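Here's upload-v2.cif, which has mmCIF, C-alpha atoms:
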data_protein
loop_
_atom_site.label_atom_id
_atom_site.label_comp_id
_atom_site.auth_asym_id
_atom_site.auth_seq_id
_atom_site.Cartn_x
_atom_site.Cartn_y
_atom_site.Cartn_z
CA MET A 226 -67.84 -53.13 98.88
CA ILE A 227 -64.56 -53.23 97.16
CA GLU A 228 -62.08 -50.33 97.86
CA GLN A 229 -60.57 -48.47 94.77
CA SER A 230 -57.15 -48.39 96.29
CA SER A 231 -56.85 -52.08 96.20
CA LEU A 232 -57.26 -52.24 92.43
CA PRO A 233 -54.16 -52.49 90.33
CA GLY A 234 -53.00 -49.05 89.04
CA ARG A 235 -53.86 -47.82 85.54
CA ARG A 236 -51.29 -46.44 82.99
CA ALA A 237 -51.53 -42.72 82.04
CA PRO A 238 -52.87 -42.12 78.63
CA ARG A 239 -50.29 -41.33 75.84
CA GLY A 240 -51.80 -37.96 75.08
CA GLY A 241 -50.92 -36.63 78.47
CA LEU A 242 -47.25 -37.60 78.10
CA ARG A 243 -46.95 -35.73 74.92
CA GLU A 244 -48.38 -32.65 76.52
CA LEU A 245 -45.80 -32.84 79.27
CA VAL A 246 -42.97 -33.18 76.76
CA ARG A 247 -44.29 -30.25 74.76
CA ARG A 248 -44.54 -28.06 77.81
CA GLY A 249 -41.05 -28.94 78.86
CA ALA A 250 -39.73 -28.10 75.43
CA LEU A 251 -41.51 -24.77 75.48
CA GLU A 252 -40.06 -23.94 78.86
CA VAL A 253 -36.59 -24.76 77.61
CA ALA A 254 -37.15 -22.70 74.50
CA GLN A 255 -38.44 -19.81 76.55
CA ARG A 256 -35.41 -19.94 78.80
CA ILE A 257 -33.11 -20.06 75.79
CA LEU A 258 -34.97 -17.14 74.23
CA VAL A 259 -34.76 -15.15 77.43
CA ALA A 260 -31.06 -15.92 77.65
CA VAL A 261 -30.57 -14.85 74.05
CA MET A 262 -32.53 -11.66 74.61
CA VAL A 263 -30.54 -10.91 77.74
CA ALA A 264 -27.35 -11.52 75.79
CA ILE A 265 -28.56 -9.25 73.00
CA ALA A 266 -29.52 -6.57 75.52
CA LEU A 267 -26.12 -6.82 77.14
CA ALA A 268 -24.44 -6.63 73.76
CA ILE A 269 -26.47 -3.56 72.83
CA ALA A 270 -25.65 -1.92 76.15
CA TYR A 271 -21.99 -2.68 75.60
CA LEU A 272 -22.07 -1.20 72.13
CA ILE A 273 -23.81 1.92 73.44
CA LEU A 274 -21.17 2.33 76.12
CA GLN A 275 -18.48 1.82 73.52
CA ALA A 276 -20.08 4.43 71.32
CA LEU A 277 -20.18 6.92 74.19
CA TRP A 278 -16.66 6.41 75.46
CA ALA A 279 -14.71 5.06 72.55
CA PRO A 280 -14.57 8.22 70.31
CA GLU A 281 -12.61 10.20 72.86
CA SER A 282 -10.22 7.37 73.59
CA ARG A 283 -9.91 6.53 69.89
CA SER A 284 -9.35 10.16 69.14
CA ALA A 285 -6.69 10.32 71.79
CA ARG A 286 -5.10 7.17 70.40
CA SER A 287 -5.48 7.91 66.74
CA THR A 288 -4.73 11.64 66.68
CA PRO A 289 -1.03 11.90 66.18
CA VAL A 290 0.83 14.47 68.16
CA ALA A 291 1.79 17.12 65.74
CA ALA A 292 5.49 17.07 65.45
CA THR A 293 7.13 20.45 65.71
CA LEU A 294 8.85 20.79 62.41
CA THR A 295 11.65 23.24 62.10
CA PRO A 296 11.20 24.80 58.71
CA THR A 297 14.08 24.31 56.41
CA VAL A 298 15.35 27.70 55.46
CA THR A 299 16.36 27.72 51.87
CA PRO A 300 19.09 30.29 51.50
CA THR A 301 18.01 33.04 49.18
CA ALA A 302 20.60 34.04 46.74
CA THR A 303 21.65 37.59 47.55
CA ARG A 304 21.41 39.70 44.47
CA VAL A 305 24.43 41.84 44.11
CA PRO A 306 23.25 45.22 42.84
CA PRO A 307 24.98 46.31 39.70
CA SER A 308 27.79 48.70 40.22
CA PRO A 309 26.44 52.22 39.83
CA THR A 310 27.53 53.99 36.73
CA PRO A 311 30.10 56.51 37.84
CA THR A 312 28.60 59.96 37.57
CA LYS A 313 30.76 62.55 35.95
CA PRO A 314 31.52 65.58 38.07
CA PRO A 315 29.75 68.74 36.90
CA LYS A 316 31.54 70.95 34.46
CA LYS A 317 33.12 73.95 36.13
CA VAL A 318 32.85 77.37 34.52
CA GLY A 319 34.32 80.69 35.60
CA LEU A 320 32.65 83.97 34.64
CA VAL A 321 34.53 87.23 35.14
CA ALA A 322 32.11 90.15 35.50
CA GLY A 323 34.28 92.77 33.84
CA HIS A 324 35.49 95.56 36.17
CA TRP A 325 33.42 94.21 39.09
CA GLY A 326 35.17 94.90 42.37
CA TYR A 327 37.63 97.26 40.69
CA GLY A 328 35.84 100.16 39.01
CA PRO A 329 32.91 101.21 36.80
CA GLY A 330 34.60 100.39 33.51
CA ALA A 331 33.35 102.44 30.58
CA VAL A 332 30.93 105.22 31.55
CA CYS A 333 28.41 106.80 29.18
CA PRO A 334 27.48 110.50 29.31
CA ASP A 335 24.17 109.64 30.97
CA GLY A 336 25.94 107.74 33.75
CA LEU A 337 25.40 104.19 32.48
CA THR A 338 28.36 102.10 33.59
CA GLU A 339 29.86 99.06 31.96
CA VAL A 340 30.18 97.14 35.23
CA GLU A 341 26.43 97.14 35.90
CA ILE A 342 25.79 95.61 32.47
CA ASN A 343 28.57 93.05 32.87
CA LEU A 344 27.48 91.88 36.32
CA ALA A 345 23.80 91.61 35.38
CA ILE A 346 24.61 89.51 32.32
CA ALA A 347 27.08 87.32 34.25
CA GLN A 348 24.40 86.53 36.82
CA LEU A 349 21.95 85.52 34.09
CA VAL A 350 24.55 83.31 32.41
CA LYS A 351 25.32 81.68 35.76
CA ALA A 352 21.64 80.81 36.28
CA ILE A 353 21.34 79.27 32.81
CA LEU A 354 24.50 77.20 33.18
CA GLU A 355 23.56 75.98 36.65
CA ASN A 356 20.24 74.87 35.24
CA GLN A 357 22.28 72.81 32.77
CA GLY A 358 24.13 71.15 35.66
CA CYS A 359 27.30 73.23 35.60
CA GLU A 360 29.20 74.53 38.60
CA VAL A 361 29.65 78.26 38.08
CA ASP A 362 31.79 80.92 39.75
CA ILE A 363 31.27 84.65 39.18
CA LEU A 364 34.63 86.31 39.70
CA GLU A 365 35.67 89.92 40.19
CA GLU A 366 37.99 91.60 37.72
CA PHE A 367 41.06 91.06 39.87
CA ASP A 368 39.70 88.24 42.00
CA ALA A 369 42.34 86.44 44.05
CA THR A 370 40.73 83.20 42.93
CA LEU A 371 41.97 83.82 39.39
CA ASP A 372 45.49 82.88 40.45
CA GLY A 373 45.87 79.29 39.21
CA TYR A 374 42.11 79.02 38.58
CA LEU A 375 41.33 75.64 37.01
CA ALA A 376 38.02 75.09 35.21
CA ASP A 377 36.57 73.59 32.06
CA ALA A 378 36.11 77.08 30.66
CA LEU A 379 36.44 80.72 31.67
CA VAL A 380 34.77 83.67 29.94
CA SER A 381 35.30 87.31 30.84
CA ILE A 382 32.25 89.48 30.07
CA HIS A 383 32.70 93.10 29.02
CA ALA A 384 30.94 95.79 26.96
CA ASP A 385 32.29 98.45 24.60
CA SER A 386 32.10 102.14 25.46
CA CYS A 387 29.80 104.89 24.23
CA ASN A 388 32.69 106.68 22.50
CA VAL A 389 31.64 105.57 19.01
CA PRO A 390 27.89 106.33 18.95
CA ARG A 391 27.07 104.49 15.70
CA ALA A 392 29.27 101.43 16.24
CA SER A 393 27.40 98.16 16.74
CA GLY A 394 28.45 94.56 17.21
CA PHE A 395 30.48 92.24 19.43
CA LYS A 396 34.03 90.88 19.66
CA ILE A 397 35.54 87.70 21.09
CA ALA A 398 39.21 86.84 21.54
CA ARG A 399 41.56 84.41 23.24
CA VAL A 400 45.16 84.89 24.40
CA LEU A 401 47.82 85.36 21.72
CA LYS A 402 50.18 82.63 22.92
CA SER A 403 47.91 79.84 24.01
CA ALA A 404 48.87 76.58 25.69
CA LEU A 405 45.59 75.19 24.30
CA PRO A 406 45.25 76.86 20.88
CA GLU A 407 42.84 74.34 19.36
CA GLU A 408 40.58 74.25 22.41
CA GLU A 409 40.53 78.02 22.81
CA ASP A 410 39.89 78.56 19.10
CA HIS A 411 36.99 76.15 19.46
CA LEU A 412 35.68 78.07 22.49
CA VAL A 413 35.86 81.35 20.56
CA GLU A 414 34.07 79.82 17.58
CA CYS A 415 31.28 78.33 19.72
CA LEU A 416 30.75 81.66 21.46
CA ARG A 417 30.79 83.62 18.20
CA GLU A 418 28.22 81.45 16.42
CA GLU A 419 25.83 81.05 19.35
CA TYR A 420 26.03 84.69 20.42
CA GLN A 421 25.40 85.99 16.93
CA THR A 422 22.43 83.63 16.53
CA ALA A 423 20.89 84.70 19.85
CA THR A 424 21.40 88.48 19.51
CA GLY A 425 21.58 89.13 15.78
CA LEU A 426 24.55 91.46 16.36
CA PRO A 427 27.41 91.48 13.83
CA PHE A 428 30.84 90.12 14.70
CA HIS A 429 33.67 92.71 14.59
CA GLU A 430 36.66 90.47 14.03
CA HIS A 431 38.91 93.22 12.71
CA SER A 432 38.36 95.54 15.66
CA ILE A 433 39.68 93.09 18.27
CA THR A 434 42.32 94.98 20.27
CA TYR A 435 45.70 93.99 21.58
CA ASP A 436 44.44 94.51 25.12
CA MET A 437 41.78 91.89 24.54
CA ARG A 438 44.33 89.33 23.36
CA GLU A 439 46.64 90.15 26.24
CA TYR A 440 43.90 90.30 28.87
CA HIS A 441 45.49 89.94 32.31
CA ALA A 442 43.33 87.02 33.49
CA PHE A 443 44.68 84.85 30.66
CA TYR A 444 48.05 84.89 32.42
CA GLU A 445 46.72 84.36 35.92
CA ILE A 446 44.56 81.29 35.47
CA ASP A 447 45.89 77.75 35.13
CA SER A 448 47.31 77.20 31.65
CA GLN A 449 44.97 74.22 31.19
CA THR A 450 41.85 76.37 31.55
CA PRO A 451 40.43 77.33 28.13
CA ALA A 452 39.51 81.02 28.26
CA ALA A 453 38.06 83.82 26.14
CA ILE A 454 36.94 87.42 26.52
CA ILE A 455 33.78 88.86 24.96
CA GLU A 456 32.75 92.46 24.34
CA THR A 457 28.98 91.98 24.23
CA GLY A 458 28.14 95.18 22.29
CA PHE A 459 28.46 98.93 22.26
CA MET A 460 26.80 100.77 25.11
CA ALA A 461 25.45 103.44 22.74
CA ALA A 462 24.14 101.78 19.56
CA ASP A 463 23.49 98.39 21.21
CA ARG A 464 22.10 99.80 24.44
CA ASP A 465 18.62 98.38 23.94
CA ILE A 466 19.75 94.78 23.76
CA LEU A 467 22.38 95.25 26.49
CA LEU A 468 19.85 96.73 28.91
CA ASN A 469 16.41 95.54 27.84
CA GLN A 470 17.14 92.17 26.24
CA GLN A 471 19.78 90.84 28.56
CA ASP A 472 18.19 87.40 28.42
CA LYS A 473 19.22 87.14 24.76
CA VAL A 474 22.74 88.29 25.56
CA ALA A 475 23.06 85.82 28.42
CA GLN A 476 21.51 82.98 26.42
CA GLY A 477 23.96 83.51 23.58
CA ILE A 478 26.95 83.35 25.93
CA ALA A 479 25.57 80.35 27.81
CA ASN A 480 24.78 78.49 24.59
CA GLY A 481 28.31 79.03 23.36
CA ILE A 482 29.81 77.72 26.59
CA VAL A 483 27.53 74.67 26.69
CA ARG A 484 28.28 73.87 23.06
CA PHE A 485 31.99 74.06 23.78
CA LEU A 486 31.73 71.84 26.85
CA GLU A 487 29.74 69.23 24.95
CA THR A 488 32.14 69.12 22.01
CA GLU A 489 35.52 69.92 23.54
CA SER A 490 36.68 66.26 23.43
CA GLU A 491 35.69 65.74 19.79
#
Rendering of file as structure tokens:
Amino acid sequence: MIEQSSLPGRRAPRGGLRELVRRGALEVAQRILVAVMVAIALAIAYLILQALWAPESRSARSTPVAATLTPTVTPTATRVPPSPTPTKPPKKVGLVAGHWGYGPGAVCPDGLTEVEINLAIAQLVKAILENQGCEVDILEEFDATLDGYLADALVSIHADSCNVPRASGFKIARVLKSALPEEEDHLVECLREEYQTATGLPFHEHSITYDMREYHAFYEIDSQTPAAIIETGFMAADRDILLNQQDKVAQGIANGIVRFLETESE
């Protein structure tokens, strides 16, 4: 019997070699694929970590620190207010309430006194003039203030007696020897026209007395104060208007004074 081990060895068939080579190649490919997959997994993990941590760090790096800017103050031009228009001082007017502080003046048989008419009218004139912006003084007949009194105008208010029952009308006069003849004539004219318009009473130019033209206050006040005296009416025939329509009487006097003050410089 011949033993198999003593026979010369046989060569492996070619098909088996190829199988070995193929298997080896597959193993290598598998290893490479695993390595690639591991690398990809690591890369993905890295990117995930970057995504989680990077925003904060990038934000910290990329967000600039706001610089504290000191605002530039542009100087604003200061507007200089226009100079106020100088306001003229109020016109000053003196009103003498005839006989006030001295005596009753003319007295009618029924006891009506001139002074009560004069004072009531003076107070009404004062109110009207003050409403027009004037500064007004009511003065007594022999008021100490009359000495050197300086004003834009002075008017002494009186009334005629009851001695001539049928006499009606008013009178106005200024001093005979005037330091301001044109101004005082203008004052008289303004009073005459406005008073006659307001009351309807006639003007008695030819019954103006010497005592009116030489009225004491004309010589006491400052020579630069235009002045006039008015007899507003007769206490008998003109009693109704002097007692019951004093607003007309006062308005006529006030209108004359205002007209004079507004036109005295013309």
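Atom CA of A:His383 is found 14.4 Å from atom CA of A:Cys333.
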Check: Near A:Cys415, within 12 Å and counting only C-alpha atoms, which residues show up once chain neighbours fewer than 4 positions away are dropped, as a PyMOL selection string?
Finding: chain A and resi 397-398+408-411+419-422+453+477-489
Check: Near stretch 365-373 of chain A, within 9 Å and counting all atoms listed in the file, which residues show up once chain neighbours fewer than 5 positions away are dropped, as a PyMOL selection string?
Finding: chain A and resi 320-328+381+441-442+444-448
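Among A:Leu401, A:Ile455, A:Ile273, A:Leu251, the residue with the shortest atom-to-atom distance to A:Glu430, counting all atoms listed in the file, is A:Ile455.
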Note to self: Just to confirm, what's the straight-line distance from atom CA of A:Asp335 to atom CA of A:Gln470 in Å (one decimal)?
What the structure shows: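 If I compute the distance from atom CA of A:Asp335 to atom CA of A:Gln470, I get 19.4 Å.
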